[in-house]
file work-v6.cif (mmCIF, C-alpha atoms)
data_final
loop_
_atom_site.label_atom_id
_atom_site.label_comp_id
_atom_site.auth_asym_id
_atom_site.auth_seq_id
_atom_site.Cartn_x
_atom_site.Cartn_y
_atom_site.Cartn_z
CA MET A 1 -9.95 23.01 23.19
CA GLU A 2 -7.99 20.72 20.86
CA ASN A 3 -6.46 22.45 17.87
CA GLN A 4 -8.07 20.87 14.81
CA ASN A 5 -5.12 21.98 12.63
CA LEU A 6 -2.61 19.85 14.55
CA PRO A 7 -1.93 16.35 13.22
CA ASN A 8 -3.37 13.48 15.25
CA THR A 9 -0.15 11.73 16.28
CA ASN A 10 -2.01 8.57 17.32
CA ASP A 11 -3.56 8.21 13.87
CA LEU A 12 -0.22 8.95 12.21
CA SER A 13 1.49 6.35 14.43
CA TRP A 14 -1.09 3.76 13.38
CA CYS A 15 -0.54 4.74 9.73
CA GLY A 16 3.22 4.39 10.23
CA GLY A 17 2.86 0.85 11.56
CA PHE A 18 0.33 -0.04 8.88
CA PHE A 19 2.61 1.31 6.14
CA ASP A 20 5.63 -0.54 7.57
CA GLY A 21 3.56 -3.72 7.32
CA GLU A 22 1.82 -3.15 3.98
CA GLY A 23 3.40 -0.20 2.18
CA SER A 24 6.17 0.19 -0.38
CA PHE A 25 8.55 2.75 -1.88
CA SER A 26 9.64 2.36 -5.49
CA PHE A 27 11.43 3.97 -8.43
CA ALA A 28 9.79 1.75 -11.01
CA PRO A 29 8.75 2.09 -13.74
CA LYS A 30 11.06 5.07 -14.27
CA CYS A 31 9.41 7.29 -11.66
CA PRO A 32 9.23 7.55 -7.86
CA SER A 33 6.11 6.18 -6.20
CA VAL A 34 4.62 5.40 -2.80
CA GLY A 35 2.06 2.61 -2.56
CA ILE A 36 0.00 0.55 -0.15
CA VAL A 37 -2.42 -2.29 -0.92
CA ASN A 38 -5.09 -3.73 1.38
CA THR A 39 -8.33 -5.70 1.26
CA ASN A 40 -10.06 -4.11 4.26
CA PRO A 41 -12.25 -1.09 3.38
CA ILE A 42 -12.21 0.24 6.97
CA ALA A 43 -8.40 0.26 7.07
CA VAL A 44 -8.23 1.80 3.60
CA THR A 45 -10.64 4.54 4.66
CA LYS A 46 -8.72 5.14 7.91
CA PHE A 47 -5.40 5.51 6.06
CA MET A 48 -6.83 7.68 3.27
CA SER A 49 -8.72 9.98 5.63
CA THR A 50 -5.72 10.45 7.94
CA MET A 51 -3.55 11.40 4.97
CA LYS A 52 -6.25 13.74 3.63
CA LYS A 53 -6.51 15.51 7.00
CA ASN A 54 -2.78 16.16 6.78
CA ASN A 55 -2.95 17.49 3.21
CA VAL A 56 -1.54 14.38 1.50
CA ASN A 57 -3.80 13.27 -1.34
CA PHE A 58 -3.47 9.58 -2.16
CA LYS A 59 -5.05 8.23 -5.32
CA ILE A 60 -7.00 5.00 -5.01
CA THR A 61 -8.09 2.29 -7.45
CA GLU A 62 -9.81 -1.05 -7.01
CA ARG A 63 -7.85 -3.90 -8.51
CA SER A 64 -9.66 -5.50 -11.40
CA LYS A 65 -8.41 -8.97 -10.48
CA PRO A 66 -8.07 -10.34 -6.94
CA SER A 67 -4.82 -12.04 -5.95
CA LYS A 68 -4.28 -15.75 -6.57
CA SER A 69 -4.44 -16.50 -2.83
CA SER A 70 -7.59 -14.46 -2.15
CA LYS A 71 -10.77 -13.54 -3.99
CA LYS A 72 -11.34 -10.45 -1.85
CA LYS A 73 -11.39 -7.02 -3.42
CA ARG A 74 -8.13 -5.13 -3.06
CA TRP A 75 -7.50 -1.41 -3.14
CA ASP A 76 -4.32 0.28 -4.35
CA MET A 77 -3.52 3.58 -2.62
CA TYR A 78 -0.65 5.39 -4.30
CA LEU A 79 1.24 8.62 -4.86
CA LEU A 80 2.95 9.47 -8.15
CA ASP A 81 2.97 13.25 -8.04
CA GLY A 82 6.27 14.62 -6.74
CA ASP A 83 4.73 17.32 -4.55
CA GLU A 84 2.40 14.81 -2.87
CA ILE A 85 5.25 12.34 -2.32
CA ARG A 86 7.40 15.02 -0.69
CA LYS A 87 4.56 15.98 1.66
CA PHE A 88 4.11 12.33 2.62
CA LEU A 89 7.83 11.86 3.30
CA ILE A 90 7.99 14.92 5.54
CA LEU A 91 4.77 14.01 7.36
CA MET A 92 5.62 10.34 7.98
CA GLU A 93 9.38 10.48 8.53
CA GLU A 94 9.11 10.14 12.32
CA TYR A 95 6.40 7.46 12.17
CA ILE A 96 7.88 4.96 9.67
CA HIS A 97 10.62 2.83 11.23
CA GLY A 98 10.96 -0.42 9.29
CA LYS A 99 11.22 1.28 5.89
CA ASN A 100 13.17 4.33 7.06
CA PHE A 101 16.13 3.64 4.73
CA GLN A 102 13.79 3.60 1.74
CA LEU A 103 12.05 6.76 2.93
CA GLN A 104 15.37 8.58 3.30
CA LEU A 105 16.51 7.46 -0.15
CA LEU A 106 13.37 8.86 -1.73
CA LYS A 107 13.67 12.03 0.35
CA ASN A 108 17.30 12.49 -0.75
CA PHE A 109 16.25 12.07 -4.37
CA TYR A 110 13.86 14.99 -4.13
CA ASP A 111 16.18 17.11 -1.99
CA GLU A 112 18.98 16.74 -4.53
CA ASN A 113 17.16 16.65 -7.84
CA TYR A 114 13.55 17.68 -7.66
CA LEU A 115 14.13 21.41 -8.20
CA LYS A 116 17.28 21.06 -10.29
CA LEU A 117 16.29 18.71 -13.07
CA ARG A 118 13.45 18.79 -15.54
CA SER A 119 14.28 15.25 -16.48
CA TYR A 120 15.88 12.75 -14.16
CA SER A 121 15.91 9.72 -16.46
CA ASN A 122 19.71 9.74 -16.43
CA ILE A 123 19.85 9.12 -12.65
CA ILE A 124 16.65 7.18 -12.03
CA LYS A 125 18.33 3.82 -12.77
CA ASP A 126 20.80 4.26 -9.92
CA TYR A 127 18.03 5.16 -7.49
CA HIS A 128 15.88 2.28 -8.72
CA GLU A 129 18.67 -0.24 -8.15
CA LEU A 130 19.47 1.11 -4.70
CA MET A 131 15.78 1.07 -3.72
CA MET A 132 15.52 -2.58 -4.78
CA TYR A 133 18.55 -3.34 -2.60
CA TYR A 134 17.05 -1.53 0.40
CA ASN A 135 13.68 -3.22 -0.07
CA GLN A 136 15.37 -6.61 0.11
CA SER A 137 17.94 -5.94 2.83
CA SER A 138 17.24 -3.01 5.17
CA HIS A 139 16.92 -4.27 8.78
CA ILE A 140 16.72 -7.80 7.33
CA LEU A 141 19.13 -10.64 8.15
CA ILE A 142 20.31 -12.40 5.00
CA LYS A 143 21.19 -16.09 4.76
CA ASP A 144 22.92 -16.16 1.36
CA GLU A 145 24.48 -12.99 -0.05
CA LYS A 146 24.72 -14.36 -3.59
CA LYS A 147 20.98 -15.06 -3.71
CA LEU A 148 20.29 -11.50 -2.61
CA PHE A 149 22.39 -10.08 -5.46
CA GLU A 150 20.79 -12.47 -7.95
CA LYS A 151 17.33 -11.32 -6.90
CA ILE A 152 18.03 -7.60 -7.27
CA GLY A 153 20.08 -8.16 -10.42
CA TYR A 154 23.30 -6.38 -9.45
CA THR A 155 25.97 -6.10 -6.73
CA PRO A 156 25.84 -2.80 -4.81
CA GLN A 157 29.06 -0.84 -4.52
CA VAL A 158 28.37 -0.04 -0.86
CA LEU A 159 27.04 -2.94 1.20
CA GLN A 160 24.80 -2.21 4.18
CA HIS A 161 23.01 -5.53 4.73
CA GLN A 162 23.65 -7.91 7.62
CA MET A 163 24.16 -11.65 7.50
CA ILE A 164 22.52 -14.01 9.97
CA SER A 165 24.60 -14.59 13.09
CA ASP A 166 23.97 -15.44 16.73
CA ASP A 167 24.78 -11.85 17.71
CA ASN A 168 22.34 -9.99 15.49
CA LYS A 169 19.43 -12.44 15.96
CA LYS A 170 18.98 -11.08 19.48
CA ILE A 171 16.30 -8.43 19.96
CA ASN A 172 17.51 -5.22 21.60
CA TYR A 173 14.86 -3.57 23.75
CA SER A 174 14.63 0.22 24.03
CA ASP A 175 12.42 2.87 25.61
CA PHE A 176 10.20 2.93 22.50
CA ASN A 177 6.58 2.63 23.63
CA ASN A 178 3.98 3.44 20.99
CA ILE A 179 0.79 1.37 21.23
CA TYR A 180 -0.67 2.90 18.07
CA TYR A 181 2.36 1.91 15.98
CA LEU A 182 2.06 -1.63 17.41
CA SER A 183 -1.66 -1.59 16.54
CA GLY A 184 -0.86 -0.64 12.94
CA ILE A 185 1.56 -3.57 12.65
CA ILE A 186 -0.95 -6.02 14.16
CA ASP A 187 -3.71 -4.75 11.86
CA ALA A 188 -1.38 -5.27 8.90
CA GLU A 189 0.31 -8.55 9.84
CA GLY A 190 -1.05 -9.87 13.12
CA THR A 191 -3.31 -12.80 13.96
CA VAL A 192 -5.82 -13.11 16.79
CA TYR A 193 -6.89 -16.68 17.51
CA ILE A 194 -7.69 -19.43 20.01
CA ASN A 195 -5.67 -22.61 19.61
CA ARG A 196 -7.33 -25.91 20.49
CA VAL A 197 -5.07 -28.56 22.00
CA ASP A 198 -6.25 -32.09 22.66
CA GLN A 199 -4.74 -33.14 25.99
CA LYS A 200 -5.91 -36.32 27.67
CA LYS A 201 -4.90 -35.22 31.16
CA TYR A 202 -7.47 -32.43 30.95
CA ASP A 203 -10.17 -34.90 29.90
CA GLY A 204 -10.81 -33.08 26.66
CA ASN A 205 -9.60 -30.06 24.75
CA ARG A 206 -7.64 -27.15 26.15
CA TYR A 207 -8.02 -23.73 24.53
CA ILE A 208 -5.13 -21.28 24.44
CA PRO A 209 -5.87 -17.67 23.43
CA SER A 210 -3.11 -15.96 21.44
CA VAL A 211 -2.14 -12.80 19.60
CA SER A 212 0.85 -13.12 17.26
CA PHE A 213 2.67 -11.45 14.40
CA THR A 214 5.63 -12.28 12.17
CA ASN A 215 8.10 -10.02 10.40
CA THR A 216 11.51 -10.16 8.74
CA ASN A 217 12.35 -6.56 9.63
CA LYS A 218 14.35 -6.35 12.86
CA SER A 219 13.59 -2.67 13.43
CA ILE A 220 9.84 -3.34 13.33
CA ILE A 221 10.19 -6.28 15.71
CA GLU A 222 12.32 -4.30 18.16
CA LYS A 223 9.87 -1.40 18.19
CA CYS A 224 6.91 -3.71 18.79
CA CYS A 225 8.65 -5.86 21.41
CA SER A 226 9.89 -2.78 23.25
CA THR A 227 6.32 -1.50 23.37
CA LEU A 228 5.13 -4.83 24.76
CA LYS A 229 7.88 -4.93 27.38
CA ASN A 230 7.39 -1.31 28.43
CA SER A 231 3.66 -2.03 28.73
CA GLU A 232 4.50 -5.09 30.89
CA ILE A 233 3.08 -7.59 28.39
CA GLY A 234 4.90 -10.91 28.47
CA HIS A 235 5.69 -12.27 24.99
CA TYR A 236 7.59 -15.08 23.31
CA ILE A 237 10.20 -14.44 20.58
CA TYR A 238 11.25 -17.12 18.13
CA PHE A 239 13.76 -16.57 15.31
CA ARG A 240 13.76 -18.88 12.31
CA VAL A 241 14.98 -19.11 8.74
CA PRO A 242 12.40 -20.76 6.47
CA GLU A 243 14.04 -23.37 4.27
CA THR A 244 12.88 -21.82 0.99
CA ARG A 245 13.61 -18.22 2.02
CA ASN A 246 16.76 -16.12 2.13
CA ARG A 247 15.65 -14.03 5.12
CA GLY A 248 15.53 -14.61 8.83
CA ARG A 249 12.22 -13.87 10.50
CA TRP A 250 10.89 -13.38 13.99
CA ASP A 251 7.66 -14.84 15.32
CA ILE A 252 6.22 -12.92 18.28
CA SER A 253 3.38 -14.43 20.31
CA ILE A 254 1.41 -13.44 23.39
CA SER A 255 -0.29 -16.58 24.68
CA GLY A 256 -2.30 -17.57 27.69
CA VAL A 257 -5.38 -16.18 29.38
CA ARG A 258 -3.72 -13.56 31.62
CA ARG A 259 -1.28 -12.26 29.03
CA CYS A 260 -3.96 -12.10 26.34
CA LYS A 261 -6.33 -10.24 28.63
CA SER A 262 -3.57 -7.68 29.23
CA VAL A 263 -2.75 -7.24 25.55
CA CYS A 264 -6.45 -6.96 24.70
CA GLU A 265 -6.76 -4.16 27.26
CA LEU A 266 -3.72 -2.50 25.71
CA LEU A 267 -5.04 -2.70 22.14
CA LYS A 268 -8.73 -2.08 22.81
CA ASN A 269 -10.18 0.73 20.64
CA LYS A 270 -6.83 1.18 18.88
CA LEU A 271 -7.08 -1.52 16.21
CA VAL A 272 -8.93 -0.85 12.98
CA ILE A 273 -9.14 -4.26 11.27
CA LYS A 274 -8.94 -6.69 14.17
CA ASN A 275 -10.84 -4.78 16.85
CA ARG A 276 -13.77 -7.24 16.92
CA GLN A 277 -11.44 -10.21 17.30
CA ILE A 278 -9.70 -8.48 20.21
CA ASP A 279 -13.06 -7.77 21.88
CA LEU A 280 -14.06 -11.43 21.59
CA LEU A 281 -10.70 -12.64 22.87
CA TYR A 282 -10.94 -10.27 25.83
CA GLU A 283 -14.43 -11.55 26.67
CA TYR A 284 -13.19 -15.14 26.53
CA CYS A 285 -10.24 -14.37 28.82
CA GLU A 286 -12.48 -12.49 31.25
CA MET A 287 -14.89 -15.42 31.51
CA ARG A 288 -12.04 -17.83 32.09
CA LEU A 289 -10.38 -15.70 34.77
CA ASN A 290 -13.68 -15.08 36.58
CA ASN A 291 -14.37 -18.81 36.64
CA LEU A 292 -17.54 -18.38 34.63
CA MET A 293 -16.55 -21.42 32.61
CA ASP A 294 -13.90 -24.13 32.80
CA PHE A 295 -10.88 -24.40 30.50
CA ASN A 296 -12.73 -26.10 27.63
CA GLN A 297 -16.29 -24.85 27.99
CA PHE A 298 -17.44 -22.64 25.06
CA GLY A 299 -13.92 -22.80 23.65
CA ASP A 300 -15.07 -23.98 20.23
CA SER A 301 -17.72 -21.26 20.01
CA PHE A 302 -15.24 -18.46 20.69
CA LYS A 303 -12.62 -20.08 18.45
CA GLU A 304 -15.05 -20.37 15.51
CA SER A 305 -16.37 -16.83 15.98
CA ILE A 306 -12.87 -15.36 15.87
CA GLU A 307 -11.94 -17.51 12.86
CA SER A 308 -15.05 -16.27 11.06
CA LEU A 309 -14.02 -12.66 11.66
CA ASN A 310 -10.48 -13.42 10.49
CA SER A 311 -11.85 -14.84 7.25
CA GLU A 312 -14.08 -11.80 6.80
CA ASN A 313 -11.15 -9.41 7.27
#
call {"tool": "encode", "arguments": {"input": "work-v6.cif", "output": "structure tokens"}}
result
Amino acid sequence: MENQNLPNTNDLSWCGGFFDGEGSFSFAPKCPSVGIVNTNPIAVTKFMSTMKKNNVNFKITERSKPSKSSKKKRWDMYLLDGDEIRKFLILMEEYIHGKNFQLQLLKNFYDENYLKLRSYSNIIKDYHELMMYYNQSSHILIKDEKKLFEKIGYTPQVLQHQMISDDNKKINYSDFNNIYYLSGIIDAEGTVYINRVDQKKYDGNRYIPSVSFTNTNKSIIEKCCSTLKNSEIGHYIYFRVPETRNRGRWDISISGVRRCKSVCELLKNKLVIKNRQIDLLYEYCEMRLNNLMDFNQFGDSFKESIESLNSEN
């Protein structure tokens, strides 16, 4: 019989990916905090309940005003209490990869000062500045160093960021293979869709199923791409530097009927936010591969259904 007292590593892996995509560590204003914001009540409940099962008690509030880009309700999940933050750091240390520098900085703060100081206002500024630096640079390729320092408002004494070069744009695969971490990232930042292409040689539209995600954090991308490769899922990697941004970013896409069927099988019953889109995409790919319809039959119906779910999420 399964021991109910043991942590569910699959749920924690999903939470690690979801936090890497949506979460944040901070020392502002004048106190350490852990936060995560999301608009999907199912994902919020999943994250909160997983933390609660592992004795980490997040607070939650509904934002009074939606964001400028969306009118959906948003929920803030956060930790301000030092004991709760320490429990979270210990619990999630092996599951958070993209924000591991920030996690270690916060962990070091408590290890060095939590029991020694009643007041840490005299050192909080240094930690706050270093956390800002890590949030803007850890595992991120920078285009212009001066713009980075202008954004964080100071020049760090010890530099750990990397500049964009042909060498470090390349993704290094490893033996990392965690489907639940990948699912957390896709729930946080991924897109499931069917692209319609008008091609005259096909006498109409051609529909291309796809699953994609974008991130500026190289560690996250390498973990996700390694999982895809080790699961034998073909994928396309494109590195770019948006003109108005100071960071390089990677676009990862899995396109085509056979590849999308495979990734849908991989992610099935593991996603929290985009599970219905994945089910629809899988059904579309199955029908195509079994010759139950041609390449443009019912394409618009599946495309619109998935887009409707994306808007709902």
call {"tool": "closest_residue", "arguments": {"input": "work-v6.cif", "among": "A:Leu79, A:Val211, A:Cys285, A:Leu148", "to": "Tyr133 in chain A", "atoms": "only C-alpha atoms"}}
result
A:Leu148
call {"tool": "resolve_selection", "arguments": {"input": "work-v6.cif", "expression": "the PyMOL selection byres ((chain A and resi 286) around 12)", "output": "number ranges by chain"}}
result
A: 209, 256-262, 264-265, 279-285, 287-294
call {"tool": "write_last_selection", "arguments": {"input": "work-v6.cif", "atoms": "C-alpha atoms", "output": "mmCIF file, keeping the file's coordinate frame"}}
result
data_model
loop_
_atom_site.group_PDB
_atom_site.id
_atom_site.type_symbol
_atom_site.label_atom_id
_atom_site.label_comp_id
_atom_site.auth_asym_id
_atom_site.auth_seq_id
_atom_site.Cartn_x
_atom_site.Cartn_y
_atom_site.Cartn_z
ATOM 1 C CA PRO A 209 -5.870 -17.670 23.430
ATOM 2 C CA GLY A 256 -2.300 -17.570 27.690
ATOM 3 C CA VAL A 257 -5.380 -16.180 29.380
ATOM 4 C CA ARG A 258 -3.720 -13.560 31.620
ATOM 5 C CA ARG A 259 -1.280 -12.260 29.030
ATOM 6 C CA CYS A 260 -3.960 -12.100 26.340
ATOM 7 C CA LYS A 261 -6.330 -10.240 28.630
ATOM 8 C CA SER A 262 -3.570 -7.680 29.230
ATOM 9 C CA CYS A 264 -6.450 -6.960 24.700
ATOM 10 C CA GLU A 265 -6.760 -4.160 27.260
ATOM 11 C CA ASP A 279 -13.060 -7.770 21.880
ATOM 12 C CA LEU A 280 -14.060 -11.430 21.590
ATOM 13 C CA LEU A 281 -10.700 -12.640 22.870
ATOM 14 C CA TYR A 282 -10.940 -10.270 25.830
ATOM 15 C CA GLU A 283 -14.430 -11.550 26.670
ATOM 16 C CA TYR A 284 -13.190 -15.140 26.530
ATOM 17 C CA CYS A 285 -10.240 -14.370 28.820
ATOM 18 C CA MET A 287 -14.890 -15.420 31.510
ATOM 19 C CA ARG A 288 -12.040 -17.830 32.090
ATOM 20 C CA LEU A 289 -10.380 -15.700 34.770
ATOM 21 C CA ASN A 290 -13.680 -15.080 36.580
ATOM 22 C CA ASN A 291 -14.370 -18.810 36.640
ATOM 23 C CA LEU A 292 -17.540 -18.380 34.630
ATOM 24 C CA MET A 293 -16.550 -21.420 32.610
ATOM 25 C CA ASP A 294 -13.900 -24.130 32.800
#
call {"tool": "residues_around", "arguments": {"input": "work-v6.cif", "residues": "Met92 in chain A", "least_positions_apart": "6", "cutoff": "9 Å", "atoms": "only C-alpha atoms", "output": "PyMOL selection string"}}
result
chain A and resi 12-13+15-16+103
call {"tool": "residues_around", "arguments": {"input": "work-v6.cif", "residues": "range 231-235 of chain A", "least_positions_apart": "3", "cutoff": "9 Å", "atoms": "only C-alpha atoms", "output": "ChimeraX atom specification"}}
result
/A:177,179,225-228,252-255,259-260,262-263,266
call {"tool": "resolve_selection", "arguments": {"input": "work-v6.cif", "expression": "the PyMOL selection byres ((chain A and resi 54) around 9)", "output": "list in words"}}
result
Asn5, Leu6, Pro7, Asn8, Ser49, Thr50, Met51, Lys52, Lys53, Asn55, Val56, Asn57, Lys87, Phe88 and Leu91 of chain A
call {"tool": "write_last_selection", "arguments": {"input": "work-v6.cif", "atoms": "C-alpha atoms", "output": "PDB file, in the frame of the given file"}}
result
ATOM      1  CA  ASN A   5      -5.120  21.980  12.630  1.00  0.00           C
ATOM      2  CA  LEU A   6      -2.610  19.850  14.550  1.00  0.00           C
ATOM      3  CA  PRO A   7      -1.930  16.350  13.220  1.00  0.00           C
ATOM      4  CA  ASN A   8      -3.370  13.480  15.250  1.00  0.00           C
ATOM      5  CA  SER A  49      -8.720   9.980   5.630  1.00  0.00           C
ATOM      6  CA  THR A  50      -5.720  10.450   7.940  1.00  0.00           C
ATOM      7  CA  MET A  51      -3.550  11.400   4.970  1.00  0.00           C
ATOM      8  CA  LYS A  52      -6.250  13.740   3.630  1.00  0.00           C
ATOM      9  CA  LYS A  53      -6.510  15.510   7.000  1.00  0.00           C
ATOM     10  CA  ASN A  55      -2.950  17.490   3.210  1.00  0.00           C
ATOM     11  CA  VAL A  56      -1.540  14.380   1.500  1.00  0.00           C
ATOM     12  CA  ASN A  57      -3.800  13.270  -1.340  1.00  0.00           C
ATOM     13  CA  LYS A  87       4.560  15.980   1.660  1.00  0.00           C
ATOM     14  CA  PHE A  88       4.110  12.330   2.620  1.00  0.00           C
ATOM     15  CA  LEU A  91       4.770  14.010   7.360  1.00  0.00           C
TER      16      LEU A  91
END
call {"tool": "closest_atom_pairs", "arguments": {"input": "work-v6.cif", "of": "range 217-263 of chain A", "to": "range 149-173 of chain A", "cutoff": "12 Å", "atoms": "all atoms listed in the file", "output": "tab-separated table"}}
result
residue	atom	partner	partner_atom	distance
A:Asn217	CA	A:Lys169	CA	11.2
A:Lys218	CA	A:Ile171	CA	7.7
A:Ser219	CA	A:Ile171	CA	9.1
A:Ile220	CA	A:Ile171	CA	10.6
A:Ile221	CA	A:Ile171	CA	7.7
A:Glu222	CA	A:Ile171	CA	6.0
A:Lys223	CA	A:Tyr173	CA	7.8
A:Cys224	CA	A:Tyr173	CA	9.4
A:Cys225	CA	A:Tyr173	CA	7.0
A:Ser226	CA	A:Tyr173	CA	5.1
A:Thr227	CA	A:Tyr173	CA	8.8
A:Leu228	CA	A:Tyr173	CA	9.9
A:Lys229	CA	A:Tyr173	CA	8.0
A:Asn230	CA	A:Tyr173	CA	9.1
A:Tyr236	CA	A:Ile171	CA	11.5
A:Ile237	CA	A:Ile171	CA	8.6
A:Tyr238	CA	A:Lys169	CA	9.7
A:Phe239	CA	A:Lys169	CA	7.0
A:Arg240	CA	A:Lys169	CA	9.3
A:Val241	CA	A:Ile164	CA	9.2
A:Arg245	CA	A:Lys151	CA	11.9
A:Asn246	CA	A:Ile164	CA	10.0
A:Arg247	CA	A:Ile164	CA	8.4
A:Gly248	CA	A:Ile164	CA	7.1
A:Arg249	CA	A:Lys169	CA	9.2
A:Trp250	CA	A:Lys169	CA	8.8
A:Asp251	CA	A:Ile171	CA	11.7
A:Ile252	CA	A:Ile171	CA	11.2
call {"tool": "resolve_selection", "arguments": {"input": "work-v6.cif", "expression": "the PyMOL selection byres ((chain A and resi 108-111) around 12)", "output": "count of residues only"}}
result
36
call {"tool": "decode", "arguments": {"input": "work-v6.cif", "residues": "range 237-248 of chain A", "atoms": "N, CA and C atoms", "output": "JSON list (two decimals), in the first residue's frame"}}
result
[["chain", "number", "residue", "atom", "x", "y", "z"],
["A", 237, "ILE", "N", 13.88, 23.65, -32.50],
["A", 237, "ILE", "CA", 14.41, 24.68, -31.60],
["A", 237, "ILE", "C", 14.82, 25.90, -32.41],
["A", 238, "TYR", "N", 14.33, 27.05, -32.02],
["A", 238, "TYR", "CA", 14.69, 28.29, -32.71],
["A", 238, "TYR", "C", 15.08, 29.34, -31.67],
["A", 239, "PHE", "N", 16.28, 29.88, -31.79],
["A", 239, "PHE", "CA", 16.76, 30.92, -30.88],
["A", 239, "PHE", "C", 16.61, 32.28, -31.56],
["A", 240, "ARG", "N", 16.13, 33.25, -30.80],
["A", 240, "ARG", "CA", 15.97, 34.59, -31.36],
["A", 240, "ARG", "C", 16.18, 35.64, -30.28],
["A", 241, "VAL", "N", 16.42, 36.85, -30.72],
["A", 241, "VAL", "CA", 16.55, 37.99, -29.80],
["A", 241, "VAL", "C", 15.56, 39.04, -30.26],
["A", 242, "PRO", "N", 14.42, 39.17, -29.60],
["A", 242, "PRO", "CA", 13.45, 40.19, -29.99],
["A", 242, "PRO", "C", 14.08, 41.58, -30.00],
["A", 243, "GLU", "N", 13.71, 42.36, -30.97],
["A", 243, "GLU", "CA", 14.35, 43.66, -31.18],
["A", 243, "GLU", "C", 14.23, 44.58, -29.98],
["A", 244, "THR", "N", 13.11, 44.53, -29.28],
["A", 244, "THR", "CA", 12.88, 45.45, -28.15],
["A", 244, "THR", "C", 13.29, 44.84, -26.81],
["A", 245, "ARG", "N", 13.88, 43.65, -26.82],
["A", 245, "ARG", "CA", 14.23, 42.96, -25.59],
["A", 245, "ARG", "C", 15.74, 42.84, -25.44],
["A", 246, "ASN", "N", 16.17, 42.64, -24.21],
["A", 246, "ASN", "CA", 17.60, 42.49, -23.93],
["A", 246, "ASN", "C", 17.98, 41.04, -23.64],
["A", 247, "ARG", "N", 17.05, 40.12, -23.89],
["A", 247, "ARG", "CA", 17.28, 38.71, -23.61],
["A", 247, "ARG", "C", 17.11, 37.87, -24.87],
["A", 248, "GLY", "N", 17.93, 36.83, -24.96],
["A", 248, "GLY", "CA", 17.68, 35.82, -25.97],
["A", 248, "GLY", "C", 16.58, 34.90, -25.50]]
